[in-house]
Every structure is written in C-alpha cells, then in structure tokens.
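As stored in structure.cif (mmCIF, C-alpha atoms, pLDDT in the B column; chains and numbers go by the auth columns):
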```
data_model
#
loop_
_atom_site.group_PDB
_atom_site.id
_atom_site.type_symbol
_atom_site.label_atom_id
_atom_site.label_comp_id
_atom_site.label_asym_id
_atom_site.label_seq_id
_atom_site.Cartn_x
_atom_site.Cartn_y
_atom_site.Cartn_z
_atom_site.B_iso_or_equiv
_atom_site.auth_seq_id
_atom_site.auth_asym_id
ATOM 1 C CA MET A 1 -15.865 4.788 1.573 45.00 1 A
ATOM 2 C CA GLU A 2 -19.489 4.715 2.570 45.00 2 A
ATOM 3 C CA GLY A 3 -21.952 3.075 0.244 42.00 3 A
ATOM 4 C CA TRP A 4 -19.582 0.310 -0.754 45.00 4 A
ATOM 5 C CA GLY A 5 -20.379 -3.303 -0.193 46.00 5 A
ATOM 6 C CA GLY A 6 -23.744 -5.002 -0.458 47.00 6 A
ATOM 7 C CA ALA A 7 -22.158 -8.280 -1.498 52.00 7 A
ATOM 8 C CA ASN A 8 -21.425 -11.070 0.939 72.00 8 A
ATOM 9 C CA ARG A 9 -17.762 -11.044 0.001 84.00 9 A
ATOM 10 C CA VAL A 10 -15.527 -8.301 -1.346 94.00 10 A
ATOM 11 C CA ASN A 11 -12.601 -9.208 -3.595 96.00 11 A
ATOM 12 C CA VAL A 12 -9.782 -6.681 -3.267 97.00 12 A
ATOM 13 C CA LEU A 13 -6.686 -6.514 -5.450 98.00 13 A
ATOM 14 C CA HIS A 14 -3.744 -4.607 -3.927 98.00 14 A
ATOM 15 C CA LEU A 15 -1.213 -3.174 -6.396 98.00 15 A
ATOM 16 C CA TYR A 16 2.321 -2.170 -5.512 97.00 16 A
ATOM 17 C CA ALA A 17 5.847 -2.077 -6.933 95.00 17 A
ATOM 18 C CA GLY A 18 7.432 -4.646 -4.602 91.00 18 A
ATOM 19 C CA ASN A 19 11.119 -3.906 -5.119 90.00 19 A
ATOM 20 C CA LEU A 20 11.753 -2.461 -1.647 88.00 20 A
ATOM 21 C CA TYR A 21 10.873 -3.443 1.910 91.00 21 A
ATOM 22 C CA GLY A 22 9.657 -0.995 4.533 88.00 22 A
ATOM 23 C CA GLY A 23 6.470 0.159 6.177 89.00 23 A
ATOM 24 C CA VAL A 24 4.168 -0.254 3.178 94.00 24 A
ATOM 25 C CA GLU A 25 5.495 -3.713 2.474 95.00 25 A
ATOM 26 C CA ARG A 26 5.012 -4.683 6.115 94.00 26 A
ATOM 27 C CA LEU A 27 1.409 -3.458 5.898 96.00 27 A
ATOM 28 C CA LEU A 28 0.710 -5.665 2.892 97.00 28 A
ATOM 29 C CA VAL A 29 2.166 -8.703 4.621 97.00 29 A
ATOM 30 C CA THR A 30 0.075 -7.933 7.713 96.00 30 A
ATOM 31 C CA LEU A 31 -3.088 -7.701 5.605 96.00 31 A
ATOM 32 C CA ALA A 32 -2.260 -11.084 4.102 97.00 32 A
ATOM 33 C CA ARG A 33 -1.386 -12.841 7.336 96.00 33 A
ATOM 34 C CA LEU A 34 -4.340 -11.466 9.307 95.00 34 A
ATOM 35 C CA ARG A 35 -6.953 -11.754 6.559 95.00 35 A
ATOM 36 C CA HIS A 36 -8.971 -14.110 8.774 94.00 36 A
ATOM 37 C CA LEU A 37 -9.909 -11.061 10.868 93.00 37 A
ATOM 38 C CA ALA A 38 -11.900 -9.736 7.879 92.00 38 A
ATOM 39 C CA PRO A 39 -13.624 -12.911 6.626 92.00 39 A
ATOM 40 C CA ASP A 40 -15.845 -11.003 4.180 94.00 40 A
ATOM 41 C CA MET A 41 -12.840 -9.623 2.311 94.00 41 A
ATOM 42 C CA THR A 42 -10.644 -11.706 0.017 96.00 42 A
ATOM 43 C CA PRO A 43 -7.276 -10.076 -0.768 97.00 43 A
ATOM 44 C CA ALA A 44 -4.998 -10.652 -3.726 98.00 44 A
ATOM 45 C CA PHE A 45 -1.827 -8.823 -4.674 98.00 45 A
ATOM 46 C CA GLY A 46 -0.180 -7.631 -7.869 98.00 46 A
ATOM 47 C CA LEU A 47 3.515 -6.725 -7.864 97.00 47 A
ATOM 48 C CA CYS A 48 5.899 -5.426 -10.489 97.00 48 A
ATOM 49 C CA PHE A 49 9.061 -6.818 -8.927 96.00 49 A
ATOM 50 C CA ARG A 50 9.955 -9.971 -7.044 94.00 50 A
ATOM 51 C CA GLY A 51 11.825 -9.936 -3.769 94.00 51 A
ATOM 52 C CA ARG A 52 11.238 -10.223 -0.055 96.00 52 A
ATOM 53 C CA LEU A 53 7.679 -8.882 -0.280 97.00 53 A
ATOM 54 C CA TRP A 54 6.773 -11.408 -2.983 97.00 54 A
ATOM 55 C CA ASP A 55 8.250 -14.228 -0.912 97.00 55 A
ATOM 56 C CA GLU A 56 6.428 -13.271 2.289 97.00 56 A
ATOM 57 C CA LEU A 57 3.071 -12.820 0.558 98.00 57 A
ATOM 58 C CA THR A 58 3.462 -16.173 -1.155 97.00 58 A
ATOM 59 C CA ALA A 59 4.346 -17.799 2.166 97.00 59 A
ATOM 60 C CA ALA A 60 1.190 -16.273 3.663 97.00 60 A
ATOM 61 C CA GLY A 61 -0.870 -18.239 1.122 97.00 61 A
ATOM 62 C CA VAL A 62 -2.469 -15.384 -0.796 97.00 62 A
ATOM 63 C CA PRO A 63 -2.613 -15.011 -4.607 97.00 63 A
ATOM 64 C CA VAL A 64 0.309 -12.924 -5.902 98.00 64 A
ATOM 65 C CA HIS A 65 0.334 -11.860 -9.565 98.00 65 A
ATOM 66 C CA ASP A 66 3.450 -10.891 -11.512 97.00 66 A
ATOM 67 C CA LEU A 67 2.702 -7.703 -13.456 97.00 67 A
ATOM 68 C CA GLY A 68 6.208 -7.375 -14.861 96.00 68 A
ATOM 69 C CA ALA A 69 8.981 -4.904 -14.180 96.00 69 A
ATOM 70 C CA VAL A 70 7.888 -1.333 -14.916 95.00 70 A
ATOM 71 C CA ARG A 71 10.147 1.617 -15.660 93.00 71 A
ATOM 72 C CA PHE A 72 8.588 4.863 -16.797 90.00 72 A
ATOM 73 C CA SER A 73 11.702 5.569 -18.842 91.00 73 A
ATOM 74 C CA ARG A 74 10.594 2.593 -20.938 94.00 74 A
ATOM 75 C CA PRO A 75 6.933 3.282 -21.776 94.00 75 A
ATOM 76 C CA TRP A 76 6.424 -0.154 -23.326 96.00 76 A
ATOM 77 C CA THR A 77 6.918 -1.715 -19.879 96.00 77 A
ATOM 78 C CA VAL A 78 4.019 0.372 -18.559 95.00 78 A
ATOM 79 C CA LEU A 79 1.778 -0.788 -21.400 96.00 79 A
ATOM 80 C CA ALA A 80 2.825 -4.413 -20.879 97.00 80 A
ATOM 81 C CA ALA A 81 2.017 -4.247 -17.149 97.00 81 A
ATOM 82 C CA ARG A 82 -1.399 -2.798 -17.912 97.00 82 A
ATOM 83 C CA ARG A 83 -2.074 -5.640 -20.323 97.00 83 A
ATOM 84 C CA ARG A 84 -1.142 -8.145 -17.615 97.00 84 A
ATOM 85 C CA LEU A 85 -3.478 -6.455 -15.150 98.00 85 A
ATOM 86 C CA LYS A 86 -6.523 -6.377 -17.417 97.00 86 A
ATOM 87 C CA PRO A 87 -7.411 -10.122 -17.257 97.00 87 A
ATOM 88 C CA LEU A 88 -7.135 -10.051 -13.460 97.00 88 A
ATOM 89 C CA LEU A 89 -9.899 -7.475 -13.026 97.00 89 A
ATOM 90 C CA PRO A 90 -13.086 -9.480 -13.768 96.00 90 A
ATOM 91 C CA GLY A 91 -14.573 -10.445 -10.414 95.00 91 A
ATOM 92 C CA VAL A 92 -12.580 -7.840 -8.504 97.00 92 A
ATOM 93 C CA ASP A 93 -14.733 -5.432 -6.484 96.00 93 A
ATOM 94 C CA ALA A 94 -12.020 -2.897 -5.673 97.00 94 A
ATOM 95 C CA VAL A 95 -8.420 -2.207 -6.578 98.00 95 A
ATOM 96 C CA VAL A 96 -6.175 -0.501 -4.032 98.00 96 A
ATOM 97 C CA CYS A 97 -3.086 1.241 -5.385 98.00 97 A
ATOM 98 C CA HIS A 98 -0.555 1.716 -2.623 97.00 98 A
ATOM 99 C CA ALA A 99 0.972 5.150 -3.297 94.00 99 A
ATOM 100 C CA ASN A 100 0.922 7.260 -6.432 94.00 100 A
ATOM 101 C CA TRP A 101 3.483 5.250 -8.396 96.00 101 A
ATOM 102 C CA PRO A 102 1.219 2.195 -8.943 97.00 102 A
ATOM 103 C CA HIS A 103 -1.737 4.572 -9.296 97.00 103 A
ATOM 104 C CA ALA A 104 0.017 6.315 -12.176 96.00 104 A
ATOM 105 C CA VAL A 105 0.793 2.956 -13.778 97.00 105 A
ATOM 106 C CA PHE A 106 -2.485 1.100 -13.338 98.00 106 A
ATOM 107 C CA ALA A 107 -5.337 3.525 -12.555 97.00 107 A
ATOM 108 C CA PRO A 108 -6.376 4.103 -16.197 97.00 108 A
ATOM 109 C CA THR A 109 -6.766 0.360 -16.759 98.00 109 A
ATOM 110 C CA VAL A 110 -8.793 -0.079 -13.569 98.00 110 A
ATOM 111 C CA LYS A 111 -11.135 2.779 -14.420 97.00 111 A
ATOM 112 C CA ARG A 112 -11.709 1.562 -17.967 96.00 112 A
ATOM 113 C CA ALA A 113 -12.683 -1.830 -16.540 97.00 113 A
ATOM 114 C CA GLY A 114 -15.312 -0.190 -14.346 96.00 114 A
ATOM 115 C CA VAL A 115 -13.723 -1.442 -11.101 97.00 115 A
ATOM 116 C CA ARG A 116 -13.729 0.752 -8.022 97.00 116 A
ATOM 117 C CA LEU A 117 -10.368 2.443 -7.609 98.00 117 A
ATOM 118 C CA VAL A 118 -8.832 3.365 -4.258 98.00 118 A
ATOM 119 C CA THR A 119 -5.451 4.953 -3.639 97.00 119 A
ATOM 120 C CA TRP A 120 -3.791 4.422 -0.266 97.00 120 A
ATOM 121 C CA ALA A 121 -1.689 7.490 0.545 96.00 121 A
ATOM 122 C CA HIS A 122 1.251 6.385 2.664 94.00 122 A
ATOM 123 C CA ASP A 123 2.979 9.746 2.491 90.00 123 A
ATOM 124 C CA ALA A 124 2.071 13.415 2.238 90.00 124 A
ATOM 125 C CA LEU A 125 0.974 14.269 -1.309 92.00 125 A
ATOM 126 C CA HIS A 126 2.285 17.224 -3.241 89.00 126 A
ATOM 127 C CA PRO A 127 1.150 18.547 -6.626 87.00 127 A
ATOM 128 C CA GLY A 128 4.727 18.777 -7.885 86.00 128 A
ATOM 129 C CA GLY A 129 6.674 15.946 -9.442 88.00 129 A
ATOM 130 C CA TRP A 130 5.892 14.002 -12.570 91.00 130 A
ATOM 131 C CA VAL A 131 4.528 10.932 -10.740 92.00 131 A
ATOM 132 C CA ASN A 132 1.941 13.019 -8.863 92.00 132 A
ATOM 133 C CA ARG A 133 0.978 14.937 -11.995 93.00 133 A
ATOM 134 C CA TRP A 134 0.535 11.680 -13.878 93.00 134 A
ATOM 135 C CA ALA A 135 -1.468 10.171 -11.016 95.00 135 A
ATOM 136 C CA ALA A 136 -3.729 13.216 -10.835 95.00 136 A
ATOM 137 C CA ARG A 137 -4.938 12.539 -14.371 95.00 137 A
ATOM 138 C CA THR A 138 -7.026 9.589 -13.128 96.00 138 A
ATOM 139 C CA ARG A 139 -9.440 10.379 -10.314 97.00 139 A
ATOM 140 C CA PRO A 140 -9.835 7.565 -7.756 98.00 140 A
ATOM 141 C CA ASP A 141 -13.184 6.748 -6.179 97.00 141 A
ATOM 142 C CA GLY A 142 -11.649 7.192 -2.750 97.00 142 A
ATOM 143 C CA VAL A 143 -8.384 7.697 -0.906 98.00 143 A
ATOM 144 C CA ILE A 144 -7.183 6.011 2.272 97.00 144 A
ATOM 145 C CA ALA A 145 -4.698 8.082 4.265 96.00 145 A
ATOM 146 C CA ASN A 146 -2.377 6.688 6.894 93.00 146 A
ATOM 147 C CA SER A 147 -2.835 9.737 9.151 92.00 147 A
ATOM 148 C CA ARG A 148 -4.824 12.955 9.477 93.00 148 A
ATOM 149 C CA PHE A 149 -1.685 14.804 8.432 92.00 149 A
ATOM 150 C CA THR A 150 -1.485 12.845 5.194 93.00 150 A
ATOM 151 C CA ALA A 151 -5.240 13.225 4.654 96.00 151 A
ATOM 152 C CA GLY A 152 -4.862 16.990 4.749 95.00 152 A
ATOM 153 C CA THR A 153 -2.518 16.868 1.741 95.00 153 A
ATOM 154 C CA VAL A 154 -4.689 14.627 -0.459 96.00 154 A
ATOM 155 C CA PRO A 155 -6.697 17.504 -2.058 97.00 155 A
ATOM 156 C CA THR A 156 -3.492 18.914 -3.562 96.00 156 A
ATOM 157 C CA VAL A 157 -3.462 15.954 -5.970 96.00 157 A
ATOM 158 C CA PHE A 158 -7.005 14.543 -5.787 97.00 158 A
ATOM 159 C CA PRO A 159 -9.348 17.480 -5.044 96.00 159 A
ATOM 160 C CA GLY A 160 -12.885 16.545 -4.038 96.00 160 A
ATOM 161 C CA VAL A 161 -12.148 12.838 -3.593 97.00 161 A
ATOM 162 C CA PRO A 162 -13.495 11.232 -0.371 97.00 162 A
ATOM 163 C CA VAL A 163 -10.731 10.513 2.135 97.00 163 A
ATOM 164 C CA ALA A 164 -10.769 8.035 5.028 97.00 164 A
ATOM 165 C CA VAL A 165 -8.024 7.859 7.647 96.00 165 A
ATOM 166 C CA VAL A 166 -6.984 4.288 8.460 95.00 166 A
ATOM 167 C CA TYR A 167 -4.107 3.765 10.845 93.00 167 A
ATOM 168 C CA LEU A 168 -1.865 0.908 9.802 91.00 168 A
ATOM 169 C CA PRO A 169 -2.615 -2.395 11.547 90.00 169 A
ATOM 170 C CA VAL A 170 0.150 -4.016 13.543 87.00 170 A
ATOM 171 C CA GLU A 171 0.520 -7.769 13.833 85.00 171 A
ATOM 172 C CA PRO A 172 0.456 -8.922 17.465 83.00 172 A
ATOM 173 C CA PRO A 173 4.001 -9.540 18.680 80.00 173 A
ATOM 174 C CA PRO A 174 5.086 -12.881 20.101 81.00 174 A
ATOM 175 C CA ALA A 175 4.949 -13.345 23.844 80.00 175 A
ATOM 176 C CA ALA A 176 7.460 -11.080 25.550 80.00 176 A
ATOM 177 C CA ASP A 177 10.593 -12.635 26.983 86.00 177 A
ATOM 178 C CA PRO A 178 11.211 -10.988 30.385 88.00 178 A
ATOM 179 C CA ALA A 179 14.889 -11.889 30.273 91.00 179 A
ATOM 180 C CA ALA A 180 15.354 -10.360 26.816 88.00 180 A
ATOM 181 C CA ARG A 181 13.506 -7.223 27.879 88.00 181 A
ATOM 182 C CA ALA A 182 15.684 -6.869 30.968 91.00 182 A
ATOM 183 C CA ALA A 183 18.823 -7.361 28.882 93.00 183 A
ATOM 184 C CA VAL A 184 17.820 -4.616 26.430 91.00 184 A
ATOM 185 C CA ARG A 185 16.997 -2.212 29.250 93.00 185 A
ATOM 186 C CA ALA A 186 20.329 -2.952 30.906 94.00 186 A
ATOM 187 C CA GLU A 187 22.168 -2.392 27.614 94.00 187 A
ATOM 188 C CA LEU A 188 20.479 0.997 27.215 92.00 188 A
ATOM 189 C CA ASP A 189 20.920 1.896 30.893 94.00 189 A
ATOM 190 C CA THR A 190 17.138 2.112 31.360 94.00 190 A
ATOM 191 C CA PRO A 191 15.569 1.328 34.750 93.00 191 A
ATOM 192 C CA ALA A 192 13.045 -1.505 34.836 89.00 192 A
ATOM 193 C CA ASP A 193 10.216 0.831 35.893 92.00 193 A
ATOM 194 C CA ALA A 194 10.956 3.584 33.329 94.00 194 A
ATOM 195 C CA THR A 195 8.447 4.338 30.580 94.00 195 A
ATOM 196 C CA VAL A 196 9.952 3.873 27.134 91.00 196 A
ATOM 197 C CA ILE A 197 8.538 5.672 24.088 88.00 197 A
ATOM 198 C CA LEU A 198 9.412 4.322 20.659 83.00 198 A
ATOM 199 C CA GLN A 199 9.000 6.026 17.285 78.00 199 A
ATOM 200 C CA ALA A 200 9.089 3.586 14.392 74.00 200 A
ATOM 201 C CA SER A 201 10.062 6.085 11.725 73.00 201 A
ATOM 202 C CA ARG A 202 12.632 8.712 10.879 74.00 202 A
ATOM 203 C CA LEU A 203 12.406 12.056 12.696 77.00 203 A
ATOM 204 C CA GLU A 204 11.006 13.912 9.707 73.00 204 A
ATOM 205 C CA ARG A 205 8.535 16.809 9.871 72.00 205 A
ATOM 206 C CA TRP A 206 6.672 15.515 6.818 64.00 206 A
ATOM 207 C CA LYS A 207 5.712 12.368 8.752 62.00 207 A
ATOM 208 C CA GLY A 208 3.360 14.587 10.759 60.00 208 A
#
```

Take the structure from the file and write it as structure tokens.
Amino acid sequence: MEGWGGANRVNVLHLYAGNLYGGVERLLVTLARLRHLAPDMTPAFGLCFRGRLWDELTAAGVPVHDLGAVRFSRPWTVLAARRRLKPLLPGVDAVVCHANWPHAVFAPTVKRAGVRLVTWAHDALHPGGWVNRWAARTRPDGVIANSRFTAGTVPTVFPGVPVAVVYLPVEPPPAADPAARAAVRAELDTPADATVILQASRLERWKG
C-alpha cells in the first residue's frame, strides 16, 4: 500500500470474528506478541466473540475491544456491532478486516469515518456467496493476500483494488530439544539424516 504513512506512528485496528481458532487467529496472536519488531505500528483488536483468541490477545497485553456477537440472520446485531465500532475509530490510521465476513460487517462504518480500509484475504475469493457479494459493496483501499494464488482471485470480488502479497509471519520456536526430535523421528521411522518436509495445512487445491 504505497503512499501510506508519513506519521511517526501508525495506529492499526484489526477486526475479526474470534469464535474459532486456526491459522488466522494464530496470525493475530503473532502480530500482538511480536509487535516490538514494528515499533512504529501500534496494534489493537476488535472481536465479535470471546474465546481462546480473546484470551491470548489479552495475555499479550494489547487492547482488545468487544464488538458484540454478530449474526447476519439477526440484522440488529450487525447494526449494534457497527455502533460499538464507531467510537473506536478516531485516532485510528487504518482498519484491517481479516477476511470478507468482518469486511461485510464493518467496512461501511470504517469508510464513513474516513479511515483507511484494508482487507486481508486469507483464502481464495470468489464472486459467489452472499458474504462475498455483501463485501463487494464496499471497496477497500487495499487488499493484503496471504499468497500469490490468493492475490490472483482478489479481482473477482474487489476489481481494481491494489493488492500486496504478505506471507504470514511465524513466531520463532523455542530452542529445539535434540532428544525430543530423535524420539519423534524414531516414532515415525525416519532416519536422523533424512530431510523432512512439513505442510501446515490441509491438502486442498484451493490453498494454492
């Protein structure tokens, strides 16, 4: 998103549902825990549901805002969540909606407030489906894609919007335990000098 910045510090509000725990949730926790690596950026988080993600973000010491449970089958919950978001926006330089569900819920409020709006695409986008059609009604200022494959699908929902590919950061693991490593290799009948390739996802074509 070239041309952004200019201020000494950028305040970013990340918006997400928060009722599950997987790759996206792990990313948000990593951004919170490793925020010292980007000292010019101050992150905060807004969630619609409490759970493991809420607990881990809170433990990381970052601001976490309760936007209220949202269910599209109950339109008044969408309106209530938007009302809760509105007073959080003054002083925010950019809002990042993680996936099209929070974009569909919150993007209109962000745009009306004049705050830069970014959608982080964590999955291939498709023009079908009511969530994508609803999201497409509000054009973001930019899209972050988790891979080149995902980036190639962004124009189907957000045509003409700038896209940047950002591979998900991974928190450094603790120091390896040689004994534990040897035990795992022995359990899997893998020689000590064999190269092991891991894929941290399901074997799905749409993951690229």

Name every residue that the PyMOL selection byres ((chain A and resi 137) around 12) selects in this structure, writing the answer as an NGL selection string with chains first and numbers rising.
-> :A and (100 or 103-108 or 111 or 127 or 130-136 or 138-140 or 157-159)

How close does each residue of stretch 171-198 of chain A get to stretch 20-36 of chain A, giving the shortest atom pair and distance in Å to one decimal for every residue with an atom at most 12 Å away, counting only C-alpha atoms, sorted by chain and residue number, as CSV?
```
residue,atom,partner,partner_atom,distance
A:Glu171,CA,A:Thr30,CA,6.1
A:Pro172,CA,A:Leu34,CA,9.8
A:Pro173,CA,A:Thr30,CA,11.8
```

For A:Asp40, please output as a count of residues only all residues within 8 Å (counting all atoms listed in the file; exclusion window: fewer than 5 positions along the same chain).
-> 3

I need the residue set behind the PyMOL selection byres ((chain A and resi 123) around 9) for this file; please write it as number ranges by chain.
-> A: 99, 121-122, 124-125, 145-147, 150, 206-207

Minimum-distance residue to A:Ala113, chosen among A:Ala200, A:Val12, A:Val161, A:Leu88 (using all atoms listed in the file) | A:Leu88

Which residue, A:Leu47, A:Leu89, A:Ala38, A:Ala186, has the smallest gap to A:Asn19 when you use all atoms listed in the file?
->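 Of A:Leu47, A:Leu89, A:Ala38, A:Ala186, the one nearest A:Asn19, counting all atoms listed in the file, is A:Leu47.
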
Name all residues at most 12 Å from A:Pro90 (count all atoms listed in the file; drop same-chain ones fewer than 6 positions away) and give them as number ranges by chain.
-> A: 11-13, 110, 112-116

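In this comparison, which uses all atoms listed in the file, the residue of A:Ala183, A:Thr119, A:Asp177, A:Asp93 approaching A:Val165 most closely is A:Thr119.
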
Which neighbours of stretch 63-73 of chain A fall inside 10 Å, counting only C-alpha atoms, when residues of the same chain fewer than 4 positions from it are skipped, and could you give them as a VMD selection string?
-> chain A and resid 13 to 19 32 42 to 50 54 to 55 57 to 58 77 to 85 88 101 to 102 104 to 105 131

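The smallest atom-to-atom distance between A:Met41 and any of A:Val166, A:Ala59, A:Ala176, A:Val92, using all atoms listed in the file, is found for A:Val92.
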
Atom pair atom CA of A:Val154 + atom CA of A:Gly129, distance 14.5 Å

Of the candidates A:Ala179, A:Val95, A:Val143, A:Thr190, which shows the shortest atom-to-atom distance to A:Val163, using all atoms listed in the file?
-> A:Val143

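Minimum atom-to-atom distances from A:Thr109, A:Arg74, A:Ser201, A:Glu56 to A:Lys86 were compared using all atoms listed in the file, and the lowest value belongs to A:Thr109.
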
Could you please determine the separation between atom CA of A:Leu117 and atom CA of A:Ala60 in Å, to one decimal place?
-> 24.7 Å

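The space between atom CA of A:Arg185 and atom CA of A:Leu168 spans 27.3 Å.
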